[in-house]
$ cat input04.cif   # mmCIF, C-alpha atoms
data_protein
#
loop_
_atom_site.label_atom_id
_atom_site.label_comp_id
_atom_site.auth_asym_id
_atom_site.auth_seq_id
_atom_site.Cartn_x
_atom_site.Cartn_y
_atom_site.Cartn_z
CA MET A 1 7.70 -5.93 24.06
CA GLN A 2 6.30 -9.45 24.28
CA THR A 3 8.54 -12.52 24.37
CA MET A 4 8.07 -16.15 23.36
CA ASP A 5 10.26 -19.17 24.11
CA GLY A 6 10.69 -22.12 21.81
CA VAL A 7 12.65 -23.91 19.12
CA ILE A 8 13.14 -22.66 15.55
CA THR A 9 12.09 -25.45 13.20
CA LEU A 10 11.83 -23.79 9.79
CA VAL A 11 13.83 -20.99 8.18
CA GLN A 12 13.25 -19.34 4.81
CA GLU A 13 15.20 -16.13 4.14
CA SER A 14 14.23 -13.83 7.06
CA ARG A 15 11.13 -15.83 7.97
CA PHE A 16 11.11 -18.55 10.59
CA GLN A 17 8.74 -20.79 12.48
CA LEU A 18 9.02 -21.12 16.24
CA ILE A 19 7.46 -24.04 18.08
CA ASP A 20 6.53 -22.84 21.57
CA ASP A 21 6.48 -24.83 24.82
CA HIS A 22 2.93 -26.01 24.07
CA GLY A 23 3.91 -27.39 20.66
CA VAL A 24 2.17 -24.61 18.75
CA GLY A 25 3.90 -23.19 15.66
CA HIS A 26 4.21 -19.41 15.17
CA LEU A 27 5.46 -17.57 12.10
CA PHE A 28 7.92 -14.71 12.57
CA LEU A 29 9.45 -12.17 10.21
CA LEU A 30 12.80 -10.75 11.22
CA SER A 31 12.52 -6.96 11.47
CA HIS A 32 14.94 -4.81 9.46
CA SER A 33 16.00 -3.26 12.75
CA ALA A 34 16.39 -6.57 14.58
CA SER A 35 19.53 -7.34 16.53
CA ALA A 36 20.06 -10.46 14.41
CA GLU A 37 20.79 -11.23 10.78
CA PRO A 38 18.82 -13.68 8.60
CA SER A 39 22.04 -15.68 8.17
CA GLN A 40 22.04 -16.38 11.92
CA LEU A 41 18.68 -18.13 11.78
CA ALA A 42 19.78 -21.26 9.92
CA PRO A 43 22.45 -22.24 12.50
CA LEU A 44 19.88 -21.81 15.29
CA GLN A 45 17.47 -24.05 13.41
CA LYS A 46 20.17 -26.63 12.74
CA ARG A 47 21.17 -26.70 16.42
CA GLN A 48 17.49 -26.87 17.47
CA ALA A 49 18.48 -24.23 20.01
CA TYR A 50 16.02 -23.16 22.69
CA VAL A 51 15.58 -19.42 22.12
CA ARG A 52 13.68 -16.43 23.43
CA VAL A 53 12.18 -14.13 20.77
CA SER A 54 11.13 -10.56 21.52
CA PHE A 55 8.39 -9.58 19.14
CA GLN A 56 5.49 -7.33 18.20
CA THR A 57 2.36 -8.07 16.22
CA ALA A 58 2.45 -7.17 12.53
CA PRO A 59 -0.26 -5.03 10.95
CA ASP A 60 -2.36 -6.86 8.34
CA LEU A 61 -0.26 -10.04 8.59
CA ILE A 62 -0.82 -13.37 10.30
CA ALA A 63 2.71 -13.34 11.65
CA TYR A 64 4.82 -11.65 14.31
CA VAL A 65 7.72 -9.25 13.81
CA ALA A 66 10.83 -10.48 15.65
CA HIS A 67 13.08 -7.75 17.06
CA LYS A 68 15.50 -9.80 19.13
CA ILE A 69 16.49 -13.47 19.28
CA ALA A 70 18.62 -14.75 22.12
CA LEU A 71 19.50 -18.14 23.51
CA HIS A 72 17.15 -18.90 26.39
CA PRO A 73 18.62 -18.01 29.82
CA SER A 74 18.18 -21.64 30.90
CA THR A 75 20.49 -22.80 28.10
CA PRO A 76 23.81 -23.91 29.61
CA MET B 1 -2.36 -42.55 -18.11
CA THR B 2 1.18 -43.91 -18.09
CA VAL B 3 3.13 -44.26 -14.87
CA HIS B 4 6.83 -43.49 -14.94
CA HIS B 5 8.92 -46.65 -14.59
CA ARG B 6 10.80 -45.08 -11.68
CA ALA B 7 7.54 -44.84 -9.70
CA GLN B 8 7.85 -48.56 -9.00
CA ASP B 9 10.97 -47.82 -6.95
CA HIS B 10 9.01 -45.84 -4.37
CA VAL B 11 5.83 -47.75 -3.56
CA ALA B 12 5.81 -47.22 0.22
CA SER B 13 3.34 -44.63 1.51
CA SER B 14 5.87 -43.32 4.00
CA LEU B 15 9.44 -42.59 2.90
CA ASP B 16 12.47 -41.97 5.10
CA HIS B 17 14.32 -40.08 2.39
CA VAL B 18 13.78 -37.57 -0.39
CA ILE B 19 13.23 -39.21 -3.77
CA PRO B 20 16.18 -38.31 -5.99
CA ASN B 21 15.13 -36.25 -9.03
CA GLU B 22 11.54 -36.39 -7.88
CA SER B 23 10.50 -33.93 -10.63
CA GLU B 24 10.95 -36.73 -13.15
CA LEU B 25 8.03 -38.52 -11.49
CA THR B 26 5.79 -35.52 -10.78
CA ALA B 27 6.44 -33.29 -13.82
CA GLY B 28 8.15 -35.62 -16.26
CA VAL B 29 11.25 -33.47 -16.42
CA LEU B 30 14.78 -33.88 -15.11
CA ILE B 31 16.07 -30.63 -13.56
CA GLU B 32 19.61 -29.89 -14.69
CA PRO B 33 21.66 -26.69 -14.36
CA GLY B 34 22.23 -24.85 -17.63
CA LYS B 35 18.77 -25.49 -19.06
CA SER B 36 15.80 -23.08 -19.17
CA TYR B 37 12.81 -23.89 -16.99
CA GLY B 38 9.51 -22.14 -16.54
CA PHE B 39 5.77 -22.33 -16.09
CA PHE B 40 3.04 -22.77 -18.68
CA THR B 41 -0.23 -21.62 -17.12
CA ASP B 42 -3.28 -22.81 -19.05
CA THR B 43 -6.04 -20.53 -17.74
CA THR B 44 -8.78 -22.54 -19.47
CA VAL B 45 -8.43 -25.34 -16.90
CA CYS B 46 -7.88 -23.18 -13.80
CA ILE B 47 -10.70 -23.73 -11.30
CA GLY B 48 -9.61 -21.01 -8.85
CA CYS B 49 -8.97 -23.43 -5.98
CA LYS B 50 -5.92 -21.43 -4.88
CA ALA B 51 -4.00 -24.60 -4.01
CA CYS B 52 -0.99 -22.98 -5.71
CA GLU B 53 -1.21 -19.95 -3.41
CA VAL B 54 -1.37 -22.17 -0.34
CA ALA B 55 1.46 -24.43 -1.51
CA CYS B 56 3.63 -21.38 -2.21
CA LYS B 57 2.98 -19.92 1.21
CA GLU B 58 3.55 -23.27 2.94
CA TRP B 59 6.85 -24.01 1.22
CA ASN B 60 8.24 -20.49 1.45
CA ASN B 61 6.95 -19.88 4.98
CA LEU B 62 5.08 -16.77 3.84
CA PRO B 63 2.45 -15.20 6.10
CA ALA B 64 -1.12 -14.49 5.07
CA ASP B 65 -1.61 -10.83 4.31
CA SER B 66 -4.45 -8.45 3.34
CA ILE B 67 -6.60 -9.84 6.12
CA GLY B 68 -10.30 -9.11 5.68
CA LEU B 69 -12.68 -8.90 2.78
CA THR B 70 -11.88 -6.75 -0.23
CA GLY B 71 -15.58 -6.28 -0.87
CA GLN B 72 -15.11 -6.32 -4.62
CA SER B 73 -14.44 -9.94 -5.49
CA PHE B 74 -14.63 -13.54 -4.30
CA ASP B 75 -10.86 -13.38 -4.56
CA ASN B 76 -9.63 -12.46 -1.09
CA THR B 77 -5.92 -12.28 -1.93
CA GLY B 78 -6.33 -9.26 -4.17
CA MET B 79 -2.91 -9.04 -5.77
CA LEU B 80 0.68 -10.22 -5.80
CA SER B 81 2.70 -8.79 -2.94
CA ALA B 82 5.89 -9.26 -0.93
CA ASN B 83 4.12 -12.05 0.98
CA THR B 84 1.97 -13.45 -1.85
CA TRP B 85 4.05 -14.79 -4.74
CA ARG B 86 1.14 -16.58 -6.45
CA HIS B 87 -2.22 -14.93 -6.95
CA VAL B 88 -5.24 -16.53 -8.58
CA ALA B 89 -7.20 -13.74 -10.24
CA PHE B 90 -10.99 -14.16 -10.41
CA VAL B 91 -12.39 -12.23 -13.38
CA GLU B 92 -16.17 -12.19 -13.60
CA LYS B 93 -17.20 -11.52 -17.17
CA SER B 94 -20.96 -11.83 -16.75
CA GLY B 95 -22.99 -9.16 -15.05
CA THR B 96 -20.83 -6.28 -16.21
CA GLY B 97 -22.34 -2.99 -17.27
CA GLY B 98 -24.84 -3.01 -14.43
CA VAL B 99 -26.93 -5.81 -15.93
CA ARG B 100 -26.68 -9.31 -14.52
CA GLN B 101 -26.81 -11.73 -17.40
CA GLN B 102 -29.27 -14.58 -17.28
CA GLU B 103 -27.48 -16.70 -19.87
CA GLN B 104 -24.12 -18.22 -19.16
CA THR B 105 -21.69 -19.47 -21.72
CA ALA B 106 -20.99 -23.16 -21.53
CA PHE B 107 -17.31 -22.58 -21.11
CA GLN B 108 -16.24 -21.58 -17.55
CA SER B 109 -19.66 -19.99 -16.96
CA GLY B 110 -18.49 -16.42 -17.37
CA TRP B 111 -15.55 -16.73 -14.99
CA LEU B 112 -11.95 -16.32 -16.04
CA MET B 113 -9.36 -17.53 -13.56
CA MET B 114 -5.64 -17.13 -13.85
CA SER B 115 -2.84 -17.96 -11.45
CA ASP B 116 -0.51 -14.98 -11.76
CA VAL B 117 3.15 -15.14 -10.84
CA CYS B 118 6.53 -13.55 -11.60
CA LYS B 119 7.17 -13.99 -15.34
CA HIS B 120 10.94 -14.62 -14.96
CA CYS B 121 11.56 -12.48 -18.09
CA HIS B 122 14.40 -13.44 -20.40
CA ASN B 123 15.67 -9.83 -20.33
CA ALA B 124 14.50 -9.05 -16.81
CA PRO B 125 14.00 -5.29 -16.25
CA CYS B 126 14.12 -5.73 -12.45
CA MET B 127 17.57 -7.27 -12.77
CA GLU B 128 18.76 -4.39 -14.98
CA ALA B 129 17.52 -1.85 -12.44
CA CYS B 130 19.10 -3.53 -9.39
CA PRO B 131 22.18 -1.50 -8.32
CA THR B 132 23.56 -4.15 -5.93
CA GLY B 133 23.26 -7.25 -8.09
CA ALA B 134 20.84 -8.81 -5.61
CA LEU B 135 18.63 -9.87 -8.51
CA PHE B 136 20.38 -12.51 -10.57
CA LYS B 137 19.79 -15.21 -13.17
CA THR B 138 20.08 -18.68 -11.74
CA GLU B 139 21.53 -21.73 -13.44
CA PHE B 140 17.92 -22.67 -14.31
CA ASP B 141 17.35 -19.38 -16.24
CA THR B 142 15.07 -17.97 -13.55
CA VAL B 143 15.28 -14.62 -11.74
CA VAL B 144 15.79 -14.57 -7.96
CA VAL B 145 16.34 -11.86 -5.31
CA GLN B 146 19.34 -12.70 -3.15
CA GLN B 147 18.11 -11.49 0.22
CA ASP B 148 21.46 -10.85 1.90
CA ILE B 149 22.52 -8.56 -0.99
CA CYS B 150 19.24 -6.62 -1.37
CA ASN B 151 19.49 -3.16 0.25
CA GLY B 152 15.80 -2.38 -0.16
CA CYS B 153 16.28 0.57 -2.55
CA GLY B 154 13.14 -0.44 -4.45
CA TYR B 155 14.42 0.38 -7.97
CA CYS B 156 13.22 -3.02 -9.18
CA ILE B 157 9.61 -2.22 -8.30
CA PRO B 158 8.83 0.45 -10.95
CA ALA B 159 11.13 -1.37 -13.40
CA CYS B 160 8.91 -4.48 -13.44
CA PRO B 161 6.30 -4.00 -16.21
CA PHE B 162 4.02 -6.57 -14.55
CA GLY B 163 3.96 -5.09 -11.04
CA VAL B 164 5.32 -8.27 -9.51
CA VAL B 165 8.21 -7.22 -7.26
CA ALA B 166 7.25 -5.69 -3.91
CA LEU B 167 9.05 -4.38 -0.82
CA ASN B 168 8.26 -5.87 2.55
CA PRO B 169 8.16 -3.02 5.08
CA VAL B 170 8.96 -5.46 7.91
CA ASP B 171 12.36 -6.63 6.67
CA GLY B 172 12.85 -3.78 4.18
CA LYS B 173 13.75 -6.03 1.24
CA ALA B 174 12.31 -6.81 -2.18
CA HIS B 175 10.50 -10.12 -2.55
CA LYS B 176 9.02 -12.14 -5.40
CA CYS B 177 8.60 -15.69 -6.67
CA THR B 178 11.90 -17.59 -6.81
CA LEU B 179 10.41 -20.33 -9.01
CA CYS B 180 11.24 -22.44 -5.93
CA TYR B 181 14.99 -22.10 -6.50
CA ASP B 182 15.72 -24.24 -3.44
CA ARG B 183 13.38 -26.97 -4.67
CA LEU B 184 14.91 -26.94 -8.17
CA LYS B 185 18.36 -27.39 -6.64
CA GLY B 186 16.99 -30.42 -4.79
CA GLY B 187 15.43 -31.93 -7.92
CA LEU B 188 11.88 -31.05 -6.88
CA GLU B 189 9.11 -29.55 -9.00
CA PRO B 190 8.02 -26.05 -7.79
CA ALA B 191 5.39 -26.27 -5.06
CA CYS B 192 2.62 -24.46 -6.97
CA ALA B 193 2.87 -26.64 -10.08
CA LYS B 194 3.03 -29.81 -8.00
CA SER B 195 -0.10 -28.87 -6.07
CA CYS B 196 -2.22 -27.83 -9.08
CA PRO B 197 -5.04 -30.39 -9.30
CA THR B 198 -5.98 -29.63 -12.92
CA ASP B 199 -2.44 -29.14 -14.29
CA SER B 200 -3.30 -25.56 -15.12
CA ILE B 201 0.22 -24.75 -13.94
CA GLN B 202 2.73 -26.91 -15.75
CA PHE B 203 6.43 -26.87 -14.95
CA GLY B 204 9.06 -28.00 -17.40
CA GLU B 205 11.83 -27.21 -19.81
CA LEU B 206 10.90 -24.09 -21.76
CA ALA B 207 11.16 -25.59 -25.26
CA ASP B 208 8.91 -28.51 -24.22
CA LEU B 209 6.40 -26.15 -22.63
CA HIS B 210 6.25 -23.96 -25.75
CA ALA B 211 5.50 -27.01 -27.93
CA ARG B 212 2.91 -28.27 -25.43
CA ALA B 213 1.24 -24.85 -25.29
CA GLU B 214 1.06 -24.51 -29.07
CA ARG B 215 -0.58 -27.94 -29.31
CA ARG B 216 -3.08 -26.93 -26.63
CA VAL B 217 -4.00 -23.75 -28.55
CA GLU B 218 -4.57 -25.84 -31.69
CA VAL B 219 -6.83 -28.24 -29.78
CA LEU B 220 -8.86 -25.37 -28.34
CA HIS B 221 -9.23 -23.79 -31.79
CA GLU B 222 -10.47 -27.14 -33.16
CA ARG B 223 -13.04 -27.24 -30.34
CA GLY B 224 -14.32 -23.80 -31.33
CA LEU B 225 -12.56 -21.62 -28.79
CA ASP B 226 -11.02 -19.32 -31.37
CA SER B 227 -10.09 -16.69 -28.77
CA ALA B 228 -7.36 -18.89 -27.23
CA TYR B 229 -3.82 -17.55 -27.66
CA LEU B 230 -0.45 -17.57 -25.91
CA TYR B 231 0.91 -14.65 -23.90
CA GLY B 232 4.66 -14.45 -23.33
CA THR B 233 6.03 -16.88 -25.88
CA PRO B 234 8.56 -15.52 -28.42
CA GLY B 235 6.81 -13.15 -30.84
CA ALA B 236 3.50 -13.32 -28.98
CA PRO B 237 1.77 -10.56 -26.96
CA GLY B 238 3.53 -10.07 -23.64
CA ALA B 239 6.97 -10.77 -25.11
CA THR B 240 7.26 -7.24 -26.46
CA GLY B 241 9.56 -4.30 -25.76
CA ASP B 242 12.81 -6.30 -25.88
CA LEU B 243 11.72 -8.56 -23.02
CA GLY B 244 12.61 -11.51 -25.24
CA HIS B 245 10.24 -14.08 -23.85
CA LEU B 246 8.66 -14.86 -20.50
CA ASN B 247 9.72 -18.05 -18.73
CA ALA B 248 6.30 -18.04 -17.07
CA PHE B 249 3.83 -17.70 -19.92
CA PHE B 250 0.06 -18.05 -20.20
CA LEU B 251 -2.72 -19.35 -22.40
CA LEU B 252 -5.46 -16.71 -22.36
CA THR B 253 -8.92 -16.45 -23.91
CA ASP B 254 -9.48 -12.71 -23.60
CA ARG B 255 -7.47 -9.53 -23.95
CA PRO B 256 -4.44 -9.35 -21.59
CA GLU B 257 -5.89 -6.33 -19.79
CA VAL B 258 -8.87 -8.41 -18.68
CA TYR B 259 -6.43 -10.56 -16.67
CA ASN B 260 -4.61 -7.47 -15.35
CA LEU B 261 -1.67 -8.12 -17.67
CA PRO B 262 -0.11 -5.36 -19.83
CA ALA B 263 -0.85 -5.67 -23.56
CA ALA B 264 2.65 -4.57 -24.57
CA PRO B 265 5.11 -4.59 -21.65
CA THR B 266 8.49 -2.94 -22.19
CA ARG B 267 11.89 -2.73 -20.51
CA ALA B 268 12.30 0.40 -18.43
CA SER B 269 15.90 0.69 -19.69
CA ASN B 270 14.54 1.29 -23.21
CA ARG B 271 13.27 4.64 -21.99
CA VAL B 272 16.54 5.83 -20.41
CA LYS B 273 18.14 7.15 -23.62
CA PRO B 274 15.09 9.10 -24.90
CA SER B 275 14.45 10.47 -21.41
CA LEU B 276 18.05 11.58 -21.02
CA LEU B 277 18.12 13.17 -24.47
CA ALA B 278 14.80 14.93 -23.81
CA GLY B 279 16.19 16.28 -20.52
CA LEU B 280 19.39 17.50 -22.16
CA ALA B 281 17.40 19.07 -25.03
CA THR B 282 15.20 20.90 -22.48
CA ILE B 283 18.24 22.24 -20.62
CA GLY B 284 19.81 23.31 -23.93
CA GLY B 285 16.61 25.03 -24.99
CA LEU B 286 16.29 26.90 -21.68
CA VAL B 287 19.92 28.04 -21.83
CA ALA B 288 19.43 29.24 -25.42
CA LEU B 289 16.25 31.10 -24.41
CA ALA B 290 17.96 32.72 -21.40
CA ALA B 291 20.91 33.73 -23.59
CA THR B 292 18.56 35.25 -26.15
CA ILE B 293 16.64 37.24 -23.52
CA PHE B 294 19.87 38.36 -21.87
CA ALA B 295 21.35 39.43 -25.23
CA SER B 296 18.22 41.37 -26.25
CA GLU B 297 18.13 43.25 -22.92
CA THR B 298 21.77 44.26 -23.04
#
$ encode --input "input04.cif" --output "structure tokens"
Amino acid sequence: MQTMDGVITLVQESRFQLIDDHGVGHLFLLSHSASAEPSQLAPLQKRQAYVRVSFQTAPDLIAYVAHKIALHPSTP
Amino acid sequence: MTVHHRAQDHVASSLDHVIPNESELTAGVLIEPGKSYGFFTDTTVCIGCKACEVACKEWNNLPADSIGLTGQSFDNTGMLSANTWRHVAFVEKSGTGGVRQQEQTAFQSGWLMMSDVCKHCHNAPCMEACPTGALFKTEFDTVVVQQDICNGCGYCIPACPFGVVALNPVDGKAHKCTLCYDRLKGGLEPACAKSCPTDSIQFGELADLHARAERRVEVLHERGLDSAYLYGTPGAPGATGDLGHLNAFFLLTDRPEVYNLPAAPTRASNRVKPSLLAGLATIGGLVALAATIFASET
């Protein structure tokens, strides 16, 4: 599974935008089988936490499907 | 054109704060809990720019879906879905029947365009079908799916007579237009109505919108467009089958079916009692038949 590092800047329900290290925004949908709940996204966005998202591409969507969100290992 | 007196309070091009009750400036309406709000979509001034679709996707962080060409229309969105809560339908009236017409009518040149959306029914069938209470009426008289309560059962999907609600296979939940519930709570006009360049989508208090729509129909009739009528207002087509009225209603110039709208939508719950009675009658009939056969053989 691919991973992407960045900061969550926008959250709407189970959808969120991640700004990667190059300043590019990516849209993610939280999978129904993800090891995270939509209610956990807003606190991450509020904290501007640096996270690592494990994801797959979504069929017929310009978005990625997030399966796991974790604080980046470099986060103290 | 008159400018609202409050507009003078915010003359800077860059603001460091949200304008309080901004809807008063952009839509001429103050958003207050306890009142009914909705959309009046005047299809005669829709130019098919799809600004509403884009604004909806931008505000709600919705991804583009149905990538590729449909091959059957200039409309590349196709339909409402779990990721598309506004859909501008392109209906080409000329050239049908295998003959491309050479003469165009002066009005809209043979094209009908309509920005479709959830109708936020007064008696919402999706809400009645929801077993978890995820679908609820907000303080603004709109219908919203509460995502953390939705269990993805999908009962709301066949219950909707307009085919609006859809399940997203990625997160497994039902999605539809929220009439920008979060924006209403912040005193903002819904994104689609605010972005509409021709005011085809008008947001406001329902009673005001009904009066505005009726005036618009009268004006169109005076101009010779006798086919103009309202769809979804009390007593009008679209507000049938105990739906009451639609908070998102339309001004149309052709039959509802032409716009992919049902001519006489109904509540699914209206069919529960007759279906149940028919089922019970069938069982009773079969038991009586079996008893008769059994009695005749013994």
$ closest_residue --input "input04.cif" --among "A:Leu44, A:Ala34, A:Met4, A:Val51" --to "chain B" --atoms "only C-alpha atoms"
A:Ala34
$ atom_distance --input "input04.cif" --atom1 "atom CA of A:Ser54" --atom2 "atom CA of B:Gly68"
26.7 Å
$ resolve_selection --input "input04.cif" --expression "the PyMOL selection byres ((chain A) within 7 of (chain B))" --output "list in words"
Gln12, Glu13, Arg15, Leu30, Ser31, His32, Asp60, Leu61, Ile62 and Ala63 of chain A
$ write_last_selection --input "input04.cif" --atoms "C-alpha atoms" --output "mmCIF file, keeping the file's coordinate frame"
data_model
loop_
_atom_site.group_PDB
_atom_site.id
_atom_site.type_symbol
_atom_site.label_atom_id
_atom_site.label_comp_id
_atom_site.auth_asym_id
_atom_site.auth_seq_id
_atom_site.Cartn_x
_atom_site.Cartn_y
_atom_site.Cartn_z
ATOM 1 C CA GLN A 12 13.250 -19.340 4.810
ATOM 2 C CA GLU A 13 15.200 -16.130 4.140
ATOM 3 C CA ARG A 15 11.130 -15.830 7.970
ATOM 4 C CA LEU A 30 12.800 -10.750 11.220
ATOM 5 C CA SER A 31 12.520 -6.960 11.470
ATOM 6 C CA HIS A 32 14.940 -4.810 9.460
ATOM 7 C CA ASP A 60 -2.360 -6.860 8.340
ATOM 8 C CA LEU A 61 -0.260 -10.040 8.590
ATOM 9 C CA ILE A 62 -0.820 -13.370 10.300
ATOM 10 C CA ALA A 63 2.710 -13.340 11.650
#
$ residues_near_point --input "input04.cif" --point "(14.7, -34.8, -10.0)" --cutoff "7 Å" --atoms "all atoms listed in the file" --output "PyMOL selection string"
chain B and resi 20-24+30-31+187-188
$ resolve_selection --input "input04.cif" --expression "the PyMOL selection byres ((chain B and resi 74) around 12)" --output "ChimeraX atom specification"
/B:48-50,68-73,75-78,88-92,111,113
$ resolve_selection --input "input04.cif" --expression "the PyMOL selection byres ((chain A and resi 52) around 10)" --output "list of chain:residue names"
A:Thr3, A:Met4, A:Asp5, A:Gly6, A:Val7, A:Leu18, A:Asp20, A:Ala49, A:Tyr50, A:Val51, A:Val53, A:Ser54, A:Phe55, A:Lys68, A:Ile69, A:Ala70, A:Leu71, A:His72, A:Pro73
$ write_last_selection --input "input04.cif" --atoms "C-alpha atoms" --output "mmCIF file, in the frame of the given file"
data_model
loop_
_atom_site.group_PDB
_atom_site.id
_atom_site.type_symbol
_atom_site.label_atom_id
_atom_site.label_comp_id
_atom_site.auth_asym_id
_atom_site.auth_seq_id
_atom_site.Cartn_x
_atom_site.Cartn_y
_atom_site.Cartn_z
ATOM 1 C CA THR A 3 8.540 -12.520 24.370
ATOM 2 C CA MET A 4 8.070 -16.150 23.360
ATOM 3 C CA ASP A 5 10.260 -19.170 24.110
ATOM 4 C CA GLY A 6 10.690 -22.120 21.810
ATOM 5 C CA VAL A 7 12.650 -23.910 19.120
ATOM 6 C CA LEU A 18 9.020 -21.120 16.240
ATOM 7 C CA ASP A 20 6.530 -22.840 21.570
ATOM 8 C CA ALA A 49 18.480 -24.230 20.010
ATOM 9 C CA TYR A 50 16.020 -23.160 22.690
ATOM 10 C CA VAL A 51 15.580 -19.420 22.120
ATOM 11 C CA VAL A 53 12.180 -14.130 20.770
ATOM 12 C CA SER A 54 11.130 -10.560 21.520
ATOM 13 C CA PHE A 55 8.390 -9.580 19.140
ATOM 14 C CA LYS A 68 15.500 -9.800 19.130
ATOM 15 C CA ILE A 69 16.490 -13.470 19.280
ATOM 16 C CA ALA A 70 18.620 -14.750 22.120
ATOM 17 C CA LEU A 71 19.500 -18.140 23.510
ATOM 18 C CA HIS A 72 17.150 -18.900 26.390
ATOM 19 C CA PRO A 73 18.620 -18.010 29.820
#
